[in-house]
$ cat model-v4.txt   # compact mmCIF, C-alpha atoms and all ligand atoms
# COMPACT_ATOMS: atom_id res chain seq x y z
CA MET A 1 81.54 75.38 114.59
CA ALA A 2 78.26 77.16 115.30
CA GLY A 3 78.70 79.65 118.10
CA GLU A 4 82.50 79.80 117.79
CA ASP A 5 84.07 83.24 117.43
CA PRO A 6 85.51 83.82 113.97
CA VAL A 7 89.18 82.82 114.07
CA LYS A 8 91.67 85.15 112.41
CA ASP A 9 93.57 83.76 109.43
CA ARG A 10 97.29 83.79 110.33
CA LEU A 11 98.19 80.66 108.31
CA PHE A 12 100.85 82.39 106.22
CA ALA A 13 101.94 85.00 108.78
CA HIS A 14 105.28 83.38 109.55
CA GLY A 15 108.07 82.64 107.09
CA LEU A 16 107.80 79.01 105.91
CA ASP A 17 110.86 76.95 104.93
CA ARG A 18 108.79 75.44 102.14
CA VAL A 19 105.43 76.63 100.85
CA ASP A 20 103.32 73.53 100.09
CA ASP A 21 100.35 73.47 97.73
CA PHE A 22 97.21 74.87 99.36
CA VAL A 23 94.81 72.24 100.78
CA PHE A 24 91.36 72.65 102.32
CA ASP A 25 92.19 70.95 105.61
CA GLU A 26 91.08 71.53 109.21
CA ARG A 27 93.51 74.43 109.71
CA VAL A 28 92.00 76.22 106.71
CA ALA A 29 88.39 75.33 107.61
CA ARG A 30 88.86 76.84 111.10
CA VAL A 31 89.84 80.28 109.76
CA PHE A 32 87.86 80.13 106.50
CA PRO A 33 85.17 82.79 107.13
CA ASP A 34 87.86 85.34 108.01
CA MET A 35 90.06 84.23 105.08
CA LEU A 36 87.26 84.63 102.51
CA GLN A 37 86.04 87.93 103.92
CA ARG A 38 89.54 89.47 103.82
CA SER A 39 90.63 87.84 100.52
CA ILE A 40 87.66 88.01 98.12
CA PRO A 41 86.44 91.52 97.40
CA GLY A 42 82.64 91.54 97.61
CA TYR A 43 82.36 88.02 99.07
CA GLY A 44 79.61 89.00 101.53
CA ALA A 45 77.63 90.83 98.83
CA ILE A 46 77.92 87.85 96.45
CA ILE A 47 76.59 85.47 99.12
CA SER A 48 73.62 87.78 99.82
CA MET A 49 72.87 88.09 96.09
CA ILE A 50 72.99 84.29 95.68
CA GLY A 51 70.17 84.27 98.23
CA LEU A 52 68.18 86.76 96.14
CA LEU A 53 68.90 84.92 92.89
CA ALA A 54 67.72 81.66 94.47
CA GLU A 55 64.54 83.38 95.64
CA LYS A 56 63.86 84.52 92.07
CA HIS A 57 64.87 81.40 90.14
CA ALA A 58 64.09 78.42 92.42
CA GLN A 59 61.28 76.37 90.91
CA PRO A 60 58.85 74.32 93.04
CA ALA A 61 59.93 70.76 93.83
CA THR A 62 63.40 71.12 92.33
CA ARG A 63 66.94 70.91 93.67
CA LEU A 64 69.42 73.71 94.28
CA TYR A 65 73.07 72.67 94.17
CA ASP A 66 75.92 74.37 96.02
CA LEU A 67 79.03 72.81 94.44
CA GLY A 68 82.19 73.35 96.48
CA CYS A 69 80.06 74.55 99.38
CA SER A 70 82.90 74.92 101.94
CA LEU A 71 81.13 75.97 105.16
CA GLY A 72 77.75 76.26 103.44
CA ALA A 73 77.44 80.05 103.24
CA ALA A 74 75.68 80.02 99.85
CA SER A 75 73.40 77.14 100.93
CA ALA A 76 72.42 79.07 104.07
CA ALA A 77 71.68 82.21 102.00
CA MET A 78 69.56 80.22 99.53
CA ARG A 79 67.67 78.43 102.29
CA ALA A 80 66.90 81.72 104.05
CA ASN A 81 65.38 83.13 100.84
CA LEU A 82 63.60 80.12 99.34
CA PRO A 83 59.92 80.77 98.77
CA ALA A 84 59.04 77.06 98.38
CA ALA A 85 59.92 74.61 101.16
CA ASP A 86 59.48 71.66 98.79
CA CYS A 87 62.90 72.38 97.27
CA ARG A 88 66.00 70.49 98.43
CA ILE A 89 69.45 71.98 98.61
CA VAL A 90 72.35 69.67 97.78
CA ALA A 91 75.63 71.02 99.17
CA VAL A 92 78.79 69.23 98.04
CA ASP A 93 82.44 69.55 99.00
CA ASN A 94 85.31 67.06 98.90
CA SER A 95 87.02 68.43 102.03
CA PRO A 96 85.92 66.42 105.09
CA ALA A 97 86.96 69.30 107.37
CA MET A 98 84.73 71.74 105.47
CA VAL A 99 81.78 69.35 105.34
CA GLU A 100 81.98 68.63 109.08
CA ARG A 101 81.91 72.32 109.94
CA ALA A 102 79.24 73.05 107.32
CA GLY A 103 77.03 70.44 108.99
CA ALA A 104 77.35 72.16 112.33
CA GLN A 105 76.59 75.59 110.83
CA LEU A 106 73.62 74.45 108.72
CA ALA A 107 72.10 72.51 111.62
CA ALA A 108 71.34 75.85 113.26
CA GLY A 109 69.09 77.15 110.42
CA GLU A 110 65.54 76.39 109.37
CA GLY A 111 63.78 75.92 106.04
CA ALA A 112 64.35 73.62 103.09
CA ALA A 113 66.22 70.38 103.67
CA VAL A 114 69.96 70.48 102.95
CA ASP A 115 71.69 67.27 101.86
CA LEU A 116 75.34 67.72 102.73
CA VAL A 117 77.57 65.46 100.65
CA CYS A 118 81.31 64.87 101.01
CA ALA A 119 82.26 64.08 97.42
CA ASP A 120 84.06 65.32 94.36
CA ILE A 121 81.72 67.57 92.36
CA ARG A 122 82.92 65.78 89.20
CA ASP A 123 81.24 62.60 90.48
CA VAL A 124 77.94 64.04 91.70
CA ALA A 125 74.81 63.60 89.56
CA ILE A 126 73.00 66.86 88.84
CA VAL A 127 69.27 66.21 88.43
CA ASP A 128 66.11 68.28 88.45
CA ALA A 129 68.00 71.46 89.24
CA SER A 130 66.63 74.98 89.04
CA VAL A 131 69.69 76.71 90.56
CA VAL A 132 73.30 75.54 90.56
CA VAL A 133 76.01 77.52 92.37
CA LEU A 134 79.72 77.27 91.63
CA ASN A 135 80.92 80.04 93.94
CA PHE A 136 84.71 80.17 93.48
CA THR A 137 84.97 76.39 92.94
CA LEU A 138 85.48 75.82 89.20
CA GLN A 139 88.86 77.54 89.53
CA PHE A 140 90.07 74.49 91.51
CA VAL A 141 88.89 71.93 88.93
CA PRO A 142 91.61 70.93 86.41
CA VAL A 143 91.21 73.12 83.30
CA GLY A 144 90.75 70.10 81.02
CA GLU A 145 87.76 68.90 83.09
CA ARG A 146 85.86 72.16 83.34
CA SER A 147 83.86 71.79 80.11
CA ALA A 148 82.61 68.31 80.99
CA LEU A 149 81.43 69.54 84.40
CA LEU A 150 79.58 72.50 82.87
CA ARG A 151 77.94 70.23 80.30
CA ARG A 152 76.72 67.91 83.06
CA ILE A 153 75.36 70.89 85.00
CA ARG A 154 73.62 72.18 81.88
CA SER A 155 71.95 68.82 81.28
CA GLY A 156 70.81 68.63 84.91
CA LEU A 157 69.14 72.05 84.80
CA ARG A 158 65.44 72.37 84.09
CA PRO A 159 64.30 74.84 81.43
CA GLY A 160 64.50 78.31 82.98
CA GLY A 161 67.17 77.18 85.45
CA ILE A 162 70.37 79.09 86.15
CA LEU A 163 74.01 78.50 86.99
CA ILE A 164 75.71 81.11 89.17
CA LEU A 165 79.42 80.95 88.36
CA SER A 166 81.82 83.04 90.46
CA GLU A 167 85.52 82.94 89.64
CA LYS A 168 88.83 84.64 90.16
CA ILE A 169 89.82 85.57 86.61
CA ALA A 170 93.02 86.24 84.70
CA GLY A 171 93.43 89.45 82.71
CA SER A 172 92.82 89.27 78.99
CA ARG A 173 95.13 91.99 77.66
CA PRO A 174 98.87 92.42 78.23
CA GLY A 175 99.38 94.25 81.50
CA GLU A 176 95.79 93.77 82.64
CA ASP A 177 96.59 90.77 84.80
CA ALA A 178 99.36 92.63 86.65
CA GLU A 179 97.01 95.56 87.28
CA LEU A 180 94.20 93.32 88.58
CA VAL A 181 96.56 91.30 90.79
CA ASP A 182 98.04 94.53 92.11
CA MET A 183 94.62 95.86 93.10
CA HIS A 184 93.69 92.54 94.69
CA HIS A 185 96.88 92.59 96.75
CA ALA A 186 96.15 96.19 97.77
CA PHE A 187 92.71 94.98 98.93
CA LYS A 188 94.34 92.21 100.99
CA ALA A 189 96.90 94.61 102.47
CA ALA A 190 94.10 97.02 103.41
CA ASN A 191 92.47 94.07 105.22
CA GLY A 192 95.55 93.50 107.35
CA TYR A 193 97.50 90.85 105.41
CA SER A 194 101.27 91.46 105.39
CA ALA A 195 103.41 91.34 102.23
CA LEU A 196 104.79 87.98 103.48
CA GLU A 197 101.29 86.53 103.96
CA ILE A 198 100.22 87.72 100.51
CA SER A 199 103.25 86.30 98.73
CA GLN A 200 103.29 82.92 100.56
CA LYS A 201 99.53 82.43 99.95
CA ARG A 202 100.02 83.30 96.29
CA GLN A 203 102.77 80.69 96.06
CA ALA A 204 100.60 78.06 97.79
CA LEU A 205 97.77 78.65 95.31
CA GLU A 206 100.00 78.79 92.23
CA ASN A 207 99.34 75.20 91.04
CA VAL A 208 96.00 74.77 92.75
CA LEU A 209 93.83 77.71 91.67
CA VAL A 210 94.04 78.27 87.92
CA PRO A 211 92.27 81.47 86.80
CA GLU A 212 91.22 82.00 83.19
CA PRO A 213 90.13 85.14 81.32
CA LEU A 214 86.45 86.11 81.45
CA ALA A 215 85.97 85.45 77.72
CA VAL A 216 87.18 81.85 78.18
CA HIS A 217 84.46 81.28 80.79
CA GLN A 218 81.82 82.91 78.61
CA ASP A 219 82.80 80.85 75.56
CA ARG A 220 82.88 77.64 77.62
CA LEU A 221 79.38 78.32 78.99
CA ALA A 222 78.08 78.85 75.46
CA ALA A 223 79.81 75.68 74.25
CA ALA A 224 78.29 73.75 77.17
CA GLY A 225 74.85 74.68 75.90
CA PHE A 226 73.88 77.64 78.08
CA ASP A 227 71.56 80.00 76.24
CA HIS A 228 73.27 83.17 77.42
CA SER A 229 75.38 84.36 80.32
CA MET A 230 75.52 87.74 82.01
CA LEU A 231 78.22 89.30 84.14
CA TRP A 232 76.44 90.64 87.22
CA PHE A 233 79.41 91.26 89.56
CA GLN A 234 83.02 92.29 89.15
CA CYS A 235 85.54 93.72 91.58
CA PHE A 236 89.12 93.63 90.29
CA ASN A 237 89.84 89.99 89.31
CA PHE A 238 86.74 88.53 90.98
CA VAL A 239 83.60 88.04 88.90
CA SER A 240 80.25 86.36 89.03
CA LEU A 241 78.11 85.31 86.05
CA ILE A 242 74.55 84.10 85.69
CA ALA A 243 74.22 81.52 82.93
CA HIS A 244 70.71 80.64 81.74
CA ALA A 245 69.74 77.13 80.69
C1 LIG A 301 81.46 79.72 99.51
N1 LIG A 301 81.55 78.12 97.66
O1 LIG A 301 81.77 80.06 100.66
N2 LIG A 301 84.92 68.66 94.47
C2 LIG A 301 84.32 69.16 95.57
N3 LIG A 301 84.75 70.27 96.22
C3 LIG A 301 85.84 70.90 95.72
C4 LIG A 301 86.52 70.42 94.57
C5 LIG A 301 86.02 69.26 93.94
N4 LIG A 301 86.59 68.74 92.86
N5 LIG A 301 87.57 71.24 94.33
C6 LIG A 301 87.55 72.20 95.29
N6 LIG A 301 86.51 71.99 96.12
C7 LIG A 301 82.21 78.55 98.90
C8 LIG A 301 83.65 78.91 98.70
S1 LIG A 301 86.12 77.71 98.27
C9 LIG A 301 86.80 79.05 97.41
C10 LIG A 301 84.38 77.89 97.87
C11 LIG A 301 88.16 79.45 97.81
C12 LIG A 301 86.09 72.79 97.28
C13 LIG A 301 87.18 73.03 98.31
O2 LIG A 301 87.27 71.97 99.22
C14 LIG A 301 86.70 74.35 98.94
O3 LIG A 301 85.91 74.11 100.09
C15 LIG A 301 85.88 75.01 97.85
O4 LIG A 301 85.76 74.07 96.77
C16 LIG A 301 86.49 76.30 97.29
O5 LIG A 301 80.58 80.26 98.85
O6 LIG A 301 88.75 78.84 98.74
O7 LIG A 301 88.69 80.41 97.11
$ encode --input "model-v4.txt" --output "structure tokens"
Amino acid sequence: MAGEDPVKDRLFAHGLDRVDDFVFDERVARVFPDMLQRSIPGYGAIISMIGLLAEKHAQPATRLYDLGCSLGAASAAMRANLPAADCRIVAVDNSPAMVERAGAQLAAGEGAAVDLVCADIRDVAIVDASVVVLNFTLQFVPVGERSALLRRIRSGLRPGGILILSEKIAGSRPGEDAELVDMHHAFKAANGYSALEISQKRQALENVLVPEPLAVHQDRLAAAGFDHSMLWFQCFNFVSLIAHA
């Protein structure tokens, strides 16, 4: 909650008899800022750049969507940078624990109104949007449902609008995946995660977070009707794209 000290992520520090599928519950929400910072290379930079991209692309009297908002970091960055106060930010997550904490964090800031919605992003209408953010969320949507979601986002975007799509990706050539995963694990180890923590977390995410190669994302964006997409960030197996409506 606002004002709380960041809590260190020790969720996988002890040997578990059984590693269950990863869920975004209260235990995860409590340690989430530390978990993201130490697990996603460039997370802080991506959030700051989402603020700058919103500043550049937000159109007057439109909506900005933060889909899979977790604690609302991208919403807060967009709100801090928005030139026009007549925009609304719609922040959506289907984890009640995340939404509750996001509400407390966003209550502290000023600027454009933020509608915080606890819902599945597959059920949320996207209308009158100038900026849509999927910051490491699509990877949790079943692969077979990703195209439909992107098509709905594309139809909800105004001309000139953008989608910011950040994802953990899979390698595209033999051996590339192992190299990327290796570097990501080295990043986590350098941030203080033990080999046990890294391997148990990997196991927990196995059936939950499904990464795809970069080209698959680019092709899907094109097929969903985006005019063009541009890779603007990559560090190991973490990327972010801007797709133009
Ligand atoms: C950030 N964007 O800090 N509907 C709604 N929410 C979902 C769904 C779904 N179908 N599937 C997953 N989520 C954030 C970080 S975290 C990334 C995003 C990570 C939510 C889930 O509850 C979680 O809060 C978020 O997507 C993914 O910029 O944990 O690697």
$ atom_distance --input "model-v4.txt" --atom1 "CA of Lys201 in chain A" --atom2 "CA of Ala13 in chain A"
9.5 Å
$ axis_aligned_box --input "model-v4.txt" --around "range 110-118 of chain A" --padding-each-side "4 Å" --output "JSON"
{"center_x": 72.5, "center_y": 70.6, "center_z": 105.0, "size_x": 25.5, "size_y": 19.5, "size_z": 16.7}
$ closest_residue --input "model-v4.txt" --among "A:Arg122, A:Arg158, A:Arg38, A:Lys168" --to "Pro211 in chain A" --atoms "all atoms listed in the file"
A:Lys168
$ residues_around --input "model-v4.txt" --residues "Asp9 in chain A" --least-positions-apart "3" --cutoff "8 Å" --atoms "only C-alpha atoms" --output "PyMOL selection string"
chain A and resi 31-32+34-35
$ atom_distance --input "model-v4.txt" --atom1 "CA of Asp86 in chain A" --atom2 "atom O1 of ligand LIG 301 (chain A)"
23.9 Å
